[in-house]
file query.txt (compact mmCIF, C-alpha atoms)
# COMPACT_ATOMS: atom_id res chain seq x y z
CA MET A 1 -23.99 18.21 -16.79
CA THR A 2 -25.56 19.50 -13.58
CA ALA A 3 -23.91 19.33 -10.17
CA LYS A 4 -26.73 17.11 -9.06
CA LYS A 5 -25.88 14.53 -11.66
CA GLU A 6 -22.17 14.67 -10.94
CA LYS A 7 -22.17 13.60 -7.32
CA LYS A 8 -24.39 11.23 -5.43
CA PRO A 9 -22.14 10.37 -2.46
CA ALA A 10 -24.95 8.63 -0.60
CA THR A 11 -24.99 5.81 -3.15
CA ILE A 12 -21.24 5.12 -3.17
CA SER A 13 -20.33 1.86 -1.40
CA LYS A 14 -17.16 1.37 0.66
CA ALA A 15 -15.80 -1.08 -1.93
CA THR A 16 -16.25 1.55 -4.66
CA ILE A 17 -14.57 4.21 -2.51
CA ASP A 18 -11.58 1.90 -2.02
CA ARG A 19 -11.29 1.60 -5.80
CA LEU A 20 -11.40 5.37 -6.41
CA PRO A 21 -7.65 5.97 -5.93
CA LEU A 22 -6.99 3.09 -8.35
CA TYR A 23 -9.29 4.67 -10.94
CA PHE A 24 -7.54 7.98 -10.44
CA ARG A 25 -4.09 6.43 -10.89
CA THR A 26 -5.13 4.51 -13.99
CA LEU A 27 -6.72 7.59 -15.56
CA ARG A 28 -3.60 9.63 -14.77
CA LEU A 29 -1.42 7.04 -16.53
CA ALA A 30 -3.83 6.99 -19.51
CA GLN A 31 -3.66 10.80 -19.64
CA ASP A 32 0.16 10.64 -19.62
CA GLU A 33 -0.06 8.26 -22.58
CA GLY A 34 -2.12 10.83 -24.48
CA ILE A 35 -5.33 8.79 -24.44
CA ASP A 36 -8.46 10.97 -24.80
CA ILE A 37 -11.21 8.36 -24.57
CA ILE A 38 -11.08 5.00 -22.82
CA SER A 39 -13.60 2.15 -22.85
CA SER A 40 -14.80 0.38 -19.73
CA GLU A 41 -13.23 -2.81 -21.18
CA GLU A 42 -9.79 -1.16 -21.44
CA LEU A 43 -10.11 0.42 -17.98
CA GLY A 44 -11.12 -2.99 -16.63
CA ARG A 45 -8.15 -4.68 -18.29
CA ARG A 46 -5.76 -2.15 -16.76
CA LEU A 47 -7.33 -2.43 -13.31
CA GLY A 48 -7.88 -6.18 -13.29
CA ILE A 49 -11.62 -5.88 -12.69
CA THR A 50 -14.62 -6.45 -14.97
CA ALA A 51 -15.95 -3.82 -17.39
CA GLU A 52 -19.36 -4.31 -15.77
CA GLN A 53 -17.98 -3.37 -12.35
CA ILE A 54 -16.33 -0.26 -13.84
CA ARG A 55 -19.60 0.86 -15.42
CA LYS A 56 -21.46 0.26 -12.15
CA ASP A 57 -18.86 2.13 -10.06
CA LEU A 58 -18.66 5.12 -12.37
CA ALA A 59 -22.42 5.36 -12.80
CA SER A 60 -22.67 6.08 -9.07
CA PHE A 61 -20.82 9.42 -9.58
CA GLY A 62 -22.61 10.61 -12.70
CA GLN A 63 -22.70 10.18 -16.46
CA PHE A 64 -19.14 10.42 -17.71
CA GLY A 65 -19.34 7.97 -20.57
CA LYS A 66 -20.78 8.13 -24.04
CA LYS A 67 -22.46 4.91 -25.10
CA GLY A 68 -20.44 3.00 -27.66
CA VAL A 69 -17.55 5.49 -27.34
CA GLY A 70 -16.12 5.34 -23.83
CA TYR A 71 -15.13 7.71 -21.06
CA TYR A 72 -13.47 11.09 -21.59
CA VAL A 73 -10.20 10.58 -19.69
CA ASN A 74 -9.56 14.21 -18.65
CA GLU A 75 -13.13 14.84 -17.50
CA LEU A 76 -13.40 11.56 -15.60
CA LYS A 77 -10.01 12.04 -13.94
CA ARG A 78 -10.94 15.58 -12.85
CA ASN A 79 -14.21 14.36 -11.38
CA VAL A 80 -12.71 11.37 -9.59
CA GLY A 81 -10.03 13.76 -8.26
CA GLN A 82 -12.75 16.07 -6.94
CA ILE A 83 -14.57 13.21 -5.25
CA LEU A 84 -11.24 12.16 -3.67
CA GLY A 85 -10.80 15.74 -2.44
CA LEU A 86 -7.51 16.13 -4.30
CA ASP A 87 -8.59 19.62 -5.45
CA HIS A 88 -8.32 20.72 -1.79
CA HIS A 89 -4.50 20.84 -2.05
CA TRP A 90 -4.00 19.55 1.50
CA ASN A 91 -0.95 20.69 3.44
CA ILE A 92 1.02 17.72 4.72
CA ALA A 93 3.83 17.21 7.23
CA ILE A 94 6.16 14.25 7.71
CA VAL A 95 7.26 13.28 11.22
CA GLY A 96 10.44 11.19 11.43
CA ILE A 97 13.13 12.07 8.91
CA GLY A 98 15.00 8.77 8.78
CA HIS A 99 15.41 6.85 5.52
CA LEU A 100 11.66 6.33 5.09
CA GLY A 101 10.87 9.97 5.87
CA VAL A 102 13.45 11.19 3.35
CA ALA A 103 12.14 8.76 0.72
CA LEU A 104 8.58 10.04 1.29
CA ALA A 105 9.71 13.69 1.22
CA ASN A 106 11.26 13.05 -2.19
CA TYR A 107 8.23 11.19 -3.57
CA GLN A 108 7.24 13.24 -6.62
CA ASN A 109 3.76 11.73 -6.95
CA PHE A 110 2.50 13.71 -3.95
CA VAL A 111 3.09 16.93 -5.88
CA THR A 112 1.38 15.46 -8.94
CA LEU A 113 -1.65 14.65 -6.78
CA GLY A 114 -1.82 18.20 -5.46
CA PHE A 115 -0.51 17.69 -1.92
CA ASN A 116 1.77 20.38 -0.49
CA LEU A 117 4.65 19.21 1.70
CA VAL A 118 5.01 22.14 4.10
CA ALA A 119 6.85 20.74 7.13
CA LEU A 120 9.27 18.02 8.25
CA PHE A 121 9.82 17.13 11.91
CA ASP A 122 12.41 15.15 13.83
CA GLN A 123 13.76 15.02 17.37
CA ASP A 124 17.41 14.40 16.45
CA PRO A 125 19.54 17.61 16.76
CA ASN A 126 21.78 16.24 13.98
CA VAL A 127 18.84 16.13 11.58
CA ILE A 128 17.00 19.32 12.66
CA GLY A 129 18.02 22.23 10.44
CA SER A 130 18.90 20.09 7.39
CA ARG A 131 16.79 20.28 4.22
CA VAL A 132 15.06 17.56 2.24
CA ASN A 133 13.47 18.45 -1.09
CA HIS A 134 13.82 22.17 -0.19
CA VAL A 135 11.88 21.77 3.08
CA LYS A 136 13.69 22.39 6.38
CA VAL A 137 13.57 19.77 9.14
CA GLU A 138 12.20 21.34 12.33
CA ASP A 139 12.15 20.35 15.98
CA ILE A 140 9.21 18.10 16.86
CA ARG A 141 8.73 20.23 19.99
CA ASP A 142 7.44 22.99 17.68
CA LEU A 143 4.93 20.68 15.98
CA LYS A 144 1.75 22.08 17.53
CA ARG A 145 2.62 25.71 16.74
CA ILE A 146 3.72 24.94 13.17
CA VAL A 147 0.67 22.75 12.40
CA LYS A 148 -1.57 25.70 13.30
CA GLU A 149 0.54 28.38 11.60
CA ARG A 150 0.79 26.50 8.30
CA ASN A 151 -2.71 25.01 8.41
CA ILE A 152 -1.44 21.42 8.14
CA GLN A 153 -4.27 18.90 7.73
CA ILE A 154 -2.42 15.60 7.20
CA GLY A 155 0.41 14.16 9.29
CA ILE A 156 2.58 11.31 8.01
CA ILE A 157 4.14 9.13 10.71
CA ALA A 158 7.50 7.69 9.64
CA VAL A 159 9.07 7.16 13.06
CA PRO A 160 10.02 3.77 14.60
CA ALA A 161 7.12 1.80 16.11
CA ALA A 162 8.12 2.64 19.70
CA PHE A 163 7.61 6.38 19.09
CA ALA A 164 4.59 6.21 16.80
CA GLN A 165 1.80 6.43 19.39
CA GLY A 166 3.45 9.44 21.02
CA VAL A 167 3.66 11.21 17.66
CA ALA A 168 0.02 10.33 16.90
CA ASP A 169 -1.02 11.86 20.24
CA GLN A 170 0.85 15.07 19.40
CA LEU A 171 -0.72 15.26 15.93
CA VAL A 172 -4.19 14.78 17.42
CA ALA A 173 -3.53 17.46 20.05
CA ALA A 174 -2.32 19.84 17.31
CA GLY A 175 -5.70 19.51 15.55
CA ILE A 176 -4.65 17.54 12.49
CA LYS A 177 -7.49 15.99 10.40
CA GLY A 178 -5.90 12.76 9.18
CA ILE A 179 -2.92 10.51 9.84
CA TRP A 180 -1.06 8.34 7.36
CA ASN A 181 0.83 5.83 9.47
CA PHE A 182 3.81 3.77 8.31
CA ALA A 183 4.71 2.36 11.74
CA PRO A 184 3.66 -1.31 12.03
CA ILE A 185 1.51 -0.84 15.13
CA LYS A 186 -2.16 -0.42 15.90
CA MET A 187 -2.69 3.21 16.88
CA GLN A 188 -5.08 4.48 19.52
CA VAL A 189 -6.71 7.62 18.12
CA PRO A 190 -10.08 9.31 18.74
CA ALA A 191 -12.90 7.89 16.61
CA SER A 192 -13.23 11.27 14.85
CA MET A 193 -9.65 11.02 13.50
CA HIS A 194 -9.12 9.41 10.11
CA ILE A 195 -6.11 7.14 9.97
CA VAL A 196 -4.77 5.14 7.05
CA ASN A 197 -2.26 2.45 8.02
CA GLU A 198 0.23 1.73 5.28
CA ASP A 199 1.26 -1.86 5.84
CA LEU A 200 4.02 -2.72 3.40
CA SER A 201 3.79 -6.41 4.22
CA ILE A 202 0.42 -6.56 2.43
CA GLY A 203 1.94 -6.05 -1.04
CA LEU A 204 4.61 -8.65 -0.40
CA SER A 205 2.10 -11.17 1.01
CA SER A 206 -0.09 -10.71 -2.04
CA LEU A 207 2.90 -11.40 -4.30
CA SER A 208 3.72 -14.50 -2.25
CA TYR A 209 0.17 -15.81 -2.80
CA HIS A 210 0.48 -15.51 -6.55
CA ILE A 211 3.96 -16.99 -7.00
CA THR A 212 3.05 -19.90 -4.72
CA ARG A 213 0.57 -20.95 -7.42
CA MET A 214 2.92 -20.61 -10.42
CA MET B 1 -9.41 -31.56 9.90
CA THR B 2 -8.41 -33.15 6.62
CA ALA B 3 -6.29 -31.47 3.96
CA LYS B 4 -9.27 -31.65 1.68
CA LYS B 5 -11.31 -29.50 4.00
CA GLU B 6 -8.52 -26.98 4.58
CA LYS B 7 -8.00 -25.76 1.06
CA LYS B 8 -10.40 -25.23 -1.77
CA PRO B 9 -8.47 -22.69 -3.90
CA ALA B 10 -10.84 -23.06 -6.83
CA THR B 11 -13.64 -21.41 -4.88
CA ILE B 12 -11.66 -18.35 -3.69
CA SER B 13 -12.64 -15.13 -5.48
CA LYS B 14 -10.16 -12.36 -6.37
CA ALA B 15 -11.79 -10.02 -3.85
CA THR B 16 -11.30 -12.61 -1.10
CA ILE B 17 -7.66 -13.14 -2.14
CA ASP B 18 -7.07 -9.40 -1.88
CA ARG B 19 -8.38 -9.49 1.69
CA LEU B 20 -6.15 -12.41 2.75
CA PRO B 21 -3.11 -10.28 3.67
CA LEU B 22 -5.44 -8.06 5.73
CA TYR B 23 -6.81 -11.10 7.58
CA PHE B 24 -3.26 -12.29 8.19
CA ARG B 25 -2.17 -8.92 9.58
CA THR B 26 -5.23 -8.62 11.82
CA LEU B 27 -4.77 -12.15 13.16
CA ARG B 28 -1.08 -11.47 13.81
CA LEU B 29 -1.95 -8.34 15.82
CA ALA B 30 -4.62 -10.30 17.74
CA GLN B 31 -2.03 -13.01 18.47
CA ASP B 32 0.41 -10.34 19.74
CA GLU B 33 -2.35 -9.13 22.07
CA GLY B 34 -2.65 -12.64 23.50
CA ILE B 35 -6.13 -13.29 22.08
CA ASP B 36 -6.85 -17.02 21.64
CA ILE B 37 -10.34 -16.92 20.11
CA ILE B 38 -11.87 -14.14 18.03
CA SER B 39 -15.46 -13.74 16.79
CA SER B 40 -16.34 -12.81 13.22
CA GLU B 41 -17.94 -9.64 14.64
CA GLU B 42 -14.67 -8.58 16.31
CA LEU B 43 -12.62 -9.48 13.21
CA GLY B 44 -15.07 -7.47 11.13
CA ARG B 45 -14.81 -4.48 13.46
CA ARG B 46 -11.01 -4.54 13.23
CA LEU B 47 -11.06 -4.90 9.44
CA GLY B 48 -13.93 -2.52 8.70
CA ILE B 49 -15.98 -5.17 6.88
CA THR B 50 -19.12 -7.07 7.89
CA ALA B 51 -19.08 -10.20 10.05
CA GLU B 52 -21.10 -11.90 7.33
CA GLN B 53 -18.39 -11.21 4.75
CA ILE B 54 -15.73 -12.57 7.13
CA ARG B 55 -17.68 -15.80 7.63
CA LYS B 56 -18.19 -16.17 3.89
CA ASP B 57 -14.51 -15.51 3.09
CA LEU B 58 -13.17 -17.86 5.74
CA ALA B 59 -15.66 -20.61 4.88
CA SER B 60 -14.04 -20.80 1.45
CA PHE B 61 -10.78 -22.04 3.02
CA GLY B 62 -12.24 -24.54 5.46
CA GLN B 63 -13.89 -24.83 8.86
CA PHE B 64 -11.81 -22.79 11.28
CA GLY B 65 -14.55 -21.49 13.53
CA LYS B 66 -16.60 -23.04 16.29
CA LYS B 67 -20.23 -21.97 16.24
CA GLY B 68 -21.06 -19.56 19.03
CA VAL B 69 -17.38 -19.40 20.08
CA GLY B 70 -15.33 -17.86 17.27
CA TYR B 71 -12.13 -18.59 15.39
CA TYR B 72 -8.98 -20.02 16.95
CA VAL B 73 -6.51 -17.21 16.23
CA ASN B 74 -3.31 -19.30 16.00
CA GLU B 75 -4.84 -21.99 13.81
CA LEU B 76 -6.54 -19.53 11.47
CA LYS B 77 -3.40 -17.38 11.18
CA ARG B 78 -1.27 -20.46 10.36
CA ASN B 79 -3.74 -21.55 7.69
CA VAL B 80 -4.11 -18.11 6.11
CA GLY B 81 -0.30 -17.89 6.13
CA GLN B 82 -0.10 -21.22 4.32
CA ILE B 83 -2.61 -20.11 1.70
CA LEU B 84 -0.57 -16.92 1.22
CA GLY B 85 2.54 -19.08 0.74
CA LEU B 86 4.33 -17.41 3.66
CA ASP B 87 5.55 -20.84 4.84
CA HIS B 88 7.73 -20.98 1.69
CA HIS B 89 10.23 -18.55 3.26
CA TRP B 90 10.93 -16.79 -0.02
CA ASN B 91 14.37 -15.32 -0.63
CA ILE B 92 14.14 -11.65 -1.56
CA ALA B 93 16.52 -9.05 -2.99
CA ILE B 94 16.25 -5.27 -3.06
CA VAL B 95 17.54 -3.34 -6.07
CA GLY B 96 18.30 0.34 -5.45
CA ILE B 97 19.80 1.15 -2.06
CA GLY B 98 18.79 4.79 -1.77
CA HIS B 99 16.66 6.01 1.14
CA LEU B 100 13.68 3.84 0.18
CA GLY B 101 15.87 0.75 -0.33
CA VAL B 102 17.50 1.24 3.07
CA ALA B 103 14.11 1.78 4.73
CA LEU B 104 12.82 -1.46 3.15
CA ALA B 105 15.97 -3.39 4.11
CA ASN B 106 15.38 -2.35 7.72
CA TYR B 107 11.67 -3.20 7.70
CA GLN B 108 11.34 -5.80 10.48
CA ASN B 109 7.92 -7.05 9.38
CA PHE B 110 9.45 -8.92 6.44
CA VAL B 111 11.33 -11.16 8.87
CA THR B 112 8.15 -11.63 10.93
CA LEU B 113 6.35 -12.77 7.78
CA GLY B 114 9.07 -15.30 6.99
CA PHE B 115 10.82 -13.55 4.08
CA ASN B 116 14.62 -13.81 3.91
CA LEU B 117 16.48 -10.74 2.70
CA VAL B 118 19.51 -12.33 1.00
CA ALA B 119 20.83 -9.64 -1.38
CA LEU B 120 21.00 -5.88 -1.96
CA PHE B 121 22.04 -4.36 -5.30
CA ASP B 122 23.09 -0.92 -6.47
CA GLN B 123 25.13 0.55 -9.31
CA ASP B 124 26.81 3.31 -7.27
CA PRO B 125 30.45 2.43 -6.39
CA ASN B 126 30.07 4.54 -3.23
CA VAL B 127 27.22 2.33 -2.02
CA ILE B 128 28.49 -1.07 -3.21
CA GLY B 129 30.35 -2.84 -0.40
CA SER B 130 28.46 -1.10 2.44
CA ARG B 131 26.09 -3.07 4.68
CA VAL B 132 22.44 -2.50 5.56
CA ASN B 133 20.83 -4.67 8.22
CA HIS B 134 23.87 -7.03 8.01
CA VAL B 135 23.44 -7.57 4.26
CA LYS B 136 26.19 -6.38 1.91
CA VAL B 137 25.32 -4.17 -1.07
CA GLU B 138 26.58 -5.81 -4.27
CA ASP B 139 27.13 -4.63 -7.83
CA ILE B 140 23.99 -4.82 -9.96
CA ARG B 141 26.17 -6.28 -12.74
CA ASP B 142 26.36 -9.48 -10.64
CA LEU B 143 22.56 -9.68 -10.26
CA LYS B 144 21.95 -12.62 -12.59
CA ARG B 145 24.67 -14.81 -11.06
CA ILE B 146 23.65 -13.99 -7.46
CA VAL B 147 19.91 -14.54 -8.10
CA LYS B 148 20.71 -18.06 -9.30
CA GLU B 149 23.30 -18.85 -6.62
CA ARG B 150 21.07 -17.76 -3.73
CA ASN B 151 17.80 -18.99 -5.23
CA ILE B 152 16.16 -15.54 -5.06
CA GLN B 153 12.46 -15.63 -6.01
CA ILE B 154 11.31 -12.06 -5.34
CA GLY B 155 12.93 -8.82 -6.51
CA ILE B 156 12.02 -5.46 -4.98
CA ILE B 157 12.53 -2.46 -7.25
CA ALA B 158 13.41 0.70 -5.31
CA VAL B 159 15.28 2.61 -8.02
CA PRO B 160 14.17 5.93 -9.59
CA ALA B 161 11.45 5.64 -12.27
CA ALA B 162 13.92 6.19 -15.14
CA PHE B 163 15.87 3.02 -14.22
CA ALA B 164 12.97 0.82 -13.16
CA GLN B 165 12.17 -0.85 -16.49
CA GLY B 166 15.84 -1.74 -17.02
CA VAL B 167 15.99 -3.35 -13.59
CA ALA B 168 12.74 -5.24 -14.24
CA ASP B 169 14.22 -6.60 -17.49
CA GLN B 170 17.31 -7.81 -15.62
CA LEU B 171 15.20 -9.47 -12.92
CA VAL B 172 13.09 -11.23 -15.55
CA ALA B 173 16.25 -12.39 -17.40
CA ALA B 174 17.67 -13.69 -14.11
CA GLY B 175 14.62 -15.96 -13.69
CA ILE B 176 12.94 -14.23 -10.74
CA LYS B 177 9.31 -15.29 -10.00
CA GLY B 178 7.80 -12.04 -8.79
CA ILE B 179 8.49 -8.31 -8.67
CA TRP B 180 7.42 -5.81 -6.05
CA ASN B 181 7.72 -2.41 -7.70
CA PHE B 182 7.91 0.93 -5.89
CA ALA B 183 8.73 3.03 -8.96
CA PRO B 184 5.69 5.05 -10.11
CA ILE B 185 5.66 3.69 -13.67
CA LYS B 186 3.77 1.03 -15.57
CA MET B 187 6.19 -1.84 -16.17
CA GLN B 188 6.35 -4.01 -19.27
CA VAL B 189 6.91 -7.58 -18.08
CA PRO B 190 6.03 -10.99 -19.57
CA ALA B 191 2.49 -12.13 -18.76
CA SER B 192 3.92 -15.06 -16.78
CA MET B 193 5.64 -12.68 -14.33
CA HIS B 194 3.76 -11.60 -11.21
CA ILE B 195 4.17 -7.95 -10.37
CA VAL B 196 2.72 -5.98 -7.48
CA ASN B 197 2.92 -2.21 -7.90
CA GLU B 198 3.13 -0.39 -4.58
CA ASP B 199 1.60 3.00 -5.25
CA LEU B 200 2.00 5.14 -2.15
CA SER B 201 -0.34 7.79 -3.52
CA ILE B 202 -3.28 5.40 -3.02
CA GLY B 203 -3.12 5.57 0.78
CA LEU B 204 -2.87 9.34 0.76
CA SER B 205 -5.74 9.70 -1.76
CA SER B 206 -7.92 7.49 0.38
CA LEU B 207 -7.17 9.67 3.41
CA SER B 208 -8.00 12.77 1.36
CA TYR B 209 -11.40 11.28 0.48
CA HIS B 210 -12.29 10.75 4.11
CA ILE B 211 -11.13 14.08 5.52
CA THR B 212 -12.90 15.93 2.70
CA ARG B 213 -16.15 14.66 4.21
CA MET B 214 -15.39 15.57 7.85
call {"tool": "encode", "arguments": {"input": "query.txt", "output": "structure tokens"}}
result
Amino acid sequence: MTAKKEKKPATISKATIDRLPLYFRTLRLAQDEGIDIISSEELGRRLGITAEQIRKDLASFGQFGKKGVGYYVNELKRNVGQILGLDHHWNIAIVGIGHLGVALANYQNFVTLGFNLVALFDQDPNVIGSRVNHVKVEDIRDLKRIVKERNIQIGIIAVPAAFAQGVADQLVAAGIKGIWNFAPIKMQVPASMHIVNEDLSIGLSSLSYHITRM
Amino acid sequence: MTAKKEKKPATISKATIDRLPLYFRTLRLAQDEGIDIISSEELGRRLGITAEQIRKDLASFGQFGKKGVGYYVNELKRNVGQILGLDHHWNIAIVGIGHLGVALANYQNFVTLGFNLVALFDQDPNVIGSRVNHVKVEDIRDLKRIVKERNIQIGIIAVPAAFAQGVADQLVAAGIKGIWNFAPIKMQVPASMHIVNEDLSIGLSSLSYHITRM
């Protein structure tokens, strides 16, 4: 397969992009189960979308399937991972080492995905100096220097809402590329900054919708 | 507006349903900002989808907009909330009071959305009896009795992956309606049970995709 066939980013729609992490997760689980080849029907069943949509989505990246056989799980997962940029092994930092910050620092899936947790920051002198998952908590006042020294590209905001914008401003000033925000507020960041807001109420609202109709 | 006009669930597609919690969140933020009327263009800008899609989605629930004016924020939010079943004020319980469980118990947005946190469970004698956000942590062995006594409809699983299936089985046996699972495993639950898997690696993968292309 040529590189040209593998990637055609210009033809990938936003809806398809939003499904990429779901494909990656599903393929990873299939790989863990020892599955070598998976049909679009089975992928669709696991993802809750139609086999037709799967075939359409995956065709926009290249030819990973074999007609009448299915997709090679390892190859497809590696390619979806590349498109997602997971082969970059981004360096990440967590700001705010309360309960949520500690839970995130201990989240094993980040390692599985190829992210490197290289720094933890807090402002509380009682927390600074402690270790979570072998990483030392450092003073947030040293954030800018440490972000540059350790080439940190992604900052995770796990501080209370009242402090979140201030932390975002510091991350932007330090030259971070992307922010993953857990604080339930709307951040003001430059248009060039990528920000993903993790709103936990979305999962619960979705569950509410479904059980309302039981 | 008649009830007939307000709800036409049969015509709502899965993709639209998945966007409902996002509409609700965006409308709630707009309400907090004191906005009375919002255009489909502005809603689209905030959500990152087209104004046309917004109009199509919202038309499937009823006529909330006024041509050339926009949508009444309060009215639309109330109606989307009703469709999501948030007016049911579901009783929820969290199982696993480690760092993630404590972070979830303290998450103020659940209260804002109308969910009642009525029980916390753990198996660790050192944790049982303590309080988080005014709710006492109880022995997981009493789960079934307490779920029935307090009419708990939603169970949140925040235990390590190795214990998650066991907890899911207990929640199912206790007669819970829906499960919100944070453990990174694929659960085996009866087809009648609604389960939402919260996979935190999805947000981070999505961010990776975007910064790869900067």
call {"tool": "atom_distance", "arguments": {"input": "query.txt", "atom1": "CA of Gln165 in chain A", "atom2": "CA of Asp36 in chain B"}}
result
25.1 Å
call {"tool": "residues_around", "arguments": {"input": "query.txt", "residues": "range 45-50 of chain A", "least_positions_apart": "2", "cutoff": "8 Å", "atoms": "only C-alpha atoms", "output": "list in words"}}
result
Leu22, Tyr23, Thr26, Glu41, Glu42, Leu43, Glu52, Gln53 and Ile54 of chain A
call {"tool": "interface_residues", "arguments": {"input": "query.txt", "of": "chain A", "to": "chain B", "cutoff": "6 Å", "atoms": "only C-alpha atoms", "output": "list in words"}}
result
Pro21, Leu84, Gly85, His99, Leu100, Ala103, Ile202, Ser205, Ser208, Tyr209 and Thr212 of chain A
call {"tool": "atom_distance", "arguments": {"input": "query.txt", "atom1": "CA of Val159 in chain A", "atom2": "CA of Gly96 in chain A"}}
result
4.6 Å
call {"tool": "atom_distance", "arguments": {"input": "query.txt", "atom1": "CA of Ile97 in chain B", "atom2": "CA of Leu120 in chain B"}}
result
7.1 Å
call {"tool": "residues_around", "arguments": {"input": "query.txt", "residues": "Glu75 in chain B", "least_positions_apart": "3", "cutoff": "10 Å", "atoms": "all atoms listed in the file", "output": "PDB file with C-alpha atoms, keeping the file's coordinate frame"}}
result
ATOM      1  CA  LEU B  27      -4.770 -12.150  13.160  1.00  0.00           C
ATOM      2  CA  ASP B  36      -6.850 -17.020  21.640  1.00  0.00           C
ATOM      3  CA  ILE B  37     -10.340 -16.920  20.110  1.00  0.00           C
ATOM      4  CA  PHE B  64     -11.810 -22.790  11.280  1.00  0.00           C
ATOM      5  CA  GLY B  65     -14.550 -21.490  13.530  1.00  0.00           C
ATOM      6  CA  TYR B  71     -12.130 -18.590  15.390  1.00  0.00           C
ATOM      7  CA  TYR B  72      -8.980 -20.020  16.950  1.00  0.00           C
ATOM      8  CA  ARG B  78      -1.270 -20.460  10.360  1.00  0.00           C
ATOM      9  CA  ASN B  79      -3.740 -21.550   7.690  1.00  0.00           C
ATOM     10  CA  VAL B  80      -4.110 -18.110   6.110  1.00  0.00           C
ATOM     11  CA  GLY B  81      -0.300 -17.890   6.130  1.00  0.00           C
TER      12      GLY B  81
END
call {"tool": "residues_around", "arguments": {"input": "query.txt", "residues": "Asn151 in chain A", "least_positions_apart": "2", "cutoff": "10 Å", "atoms": "only C-alpha atoms", "output": "PDB file with C-alpha atoms, in the frame of the given file"}}
result
ATOM      1  CA  TRP A  90      -4.000  19.550   1.500  1.00  0.00           C
ATOM      2  CA  ASN A  91      -0.950  20.690   3.440  1.00  0.00           C
ATOM      3  CA  ILE A  92       1.020  17.720   4.720  1.00  0.00           C
ATOM      4  CA  VAL A 118       5.010  22.140   4.100  1.00  0.00           C
ATOM      5  CA  ARG A 145       2.620  25.710  16.740  1.00  0.00           C
ATOM      6  CA  ILE A 146       3.720  24.940  13.170  1.00  0.00           C
ATOM      7  CA  VAL A 147       0.670  22.750  12.400  1.00  0.00           C
ATOM      8  CA  LYS A 148      -1.570  25.700  13.300  1.00  0.00           C
ATOM      9  CA  GLU A 149       0.540  28.380  11.600  1.00  0.00           C
ATOM     10  CA  GLN A 153      -4.270  18.900   7.730  1.00  0.00           C
ATOM     11  CA  ILE A 154      -2.420  15.600   7.200  1.00  0.00           C
ATOM     12  CA  GLY A 175      -5.700  19.510  15.550  1.00  0.00           C
ATOM     13  CA  ILE A 176      -4.650  17.540  12.490  1.00  0.00           C
TER      14      ILE A 176
END
call {"tool": "residues_near_point", "arguments": {"input": "query.txt", "point": "(10.7, 21.8, 2.8)", "cutoff": "10 Å", "atoms": "all atoms listed in the file", "output": "list of chain:residue names"}}
result
A:Ala93, A:Ala105, A:Asn116, A:Leu117, A:Val118, A:Ala119, A:Leu120, A:Ser130, A:Arg131, A:Val132, A:Asn133, A:His134, A:Val135, A:Lys136, A:Val137, A:Glu138
call {"tool": "residues_around", "arguments": {"input": "query.txt", "residues": "Gly70 in chain A", "least_positions_apart": "3", "cutoff": "8 Å", "atoms": "all atoms listed in the file", "output": "ChimeraX atom specification"}}
result
/A:37-40,65-67
call {"tool": "write_last_selection", "arguments": {"input": "query.txt", "atoms": "C-alpha atoms", "output": "mmCIF file, in the coordinates of the input"}}
result
data_model
loop_
_atom_site.group_PDB
_atom_site.id
_atom_site.type_symbol
_atom_site.label_atom_id
_atom_site.label_comp_id
_atom_site.auth_asym_id
_atom_site.auth_seq_id
_atom_site.Cartn_x
_atom_site.Cartn_y
_atom_site.Cartn_z
ATOM 1 C CA ILE A 37 -11.210 8.360 -24.570
ATOM 2 C CA ILE A 38 -11.080 5.000 -22.820
ATOM 3 C CA SER A 39 -13.600 2.150 -22.850
ATOM 4 C CA SER A 40 -14.800 0.380 -19.730
ATOM 5 C CA GLY A 65 -19.340 7.970 -20.570
ATOM 6 C CA LYS A 66 -20.780 8.130 -24.040
ATOM 7 C CA LYS A 67 -22.460 4.910 -25.100
#
call {"tool": "axis_aligned_box", "arguments": {"input": "query.txt", "around": "range 87-105 of chain A", "padding_each_side": "8 Å", "output": "lines of an AutoDock Vina configuration file"}}
result
center_x = 3.4
center_y = 13.6
center_z = 3.0
size_x = 40.0
size_y = 30.5
size_z = 32.9
call {"tool": "decode", "arguments": {"input": "query.txt", "residues": "range 95-107 of chain B", "atoms": "C-alpha atoms", "output": "mmCIF file, in the first residue's frame"}}
result
data_model
loop_
_atom_site.group_PDB
_atom_site.id
_atom_site.type_symbol
_atom_site.label_atom_id
_atom_site.label_comp_id
_atom_site.auth_asym_id
_atom_site.auth_seq_id
_atom_site.Cartn_x
_atom_site.Cartn_y
_atom_site.Cartn_z
ATOM 1 C CA VAL B 95 -19.617 2.639 43.729
ATOM 2 C CA GLY B 96 -15.886 2.930 44.453
ATOM 3 C CA ILE B 97 -14.858 5.887 46.591
ATOM 4 C CA GLY B 98 -11.241 6.233 45.504
ATOM 5 C CA HIS B 99 -9.948 9.475 43.978
ATOM 6 C CA LEU B 100 -12.262 9.252 40.958
ATOM 7 C CA GLY B 101 -15.299 8.429 43.124
ATOM 8 C CA VAL B 102 -14.591 11.380 45.407
ATOM 9 C CA ALA B 103 -14.075 13.698 42.414
ATOM 10 C CA LEU B 104 -17.428 12.559 40.963
ATOM 11 C CA ALA B 105 -19.207 12.915 44.321
ATOM 12 C CA ASN B 106 -18.010 16.522 44.457
ATOM 13 C CA TYR B 107 -18.982 17.315 40.862
#
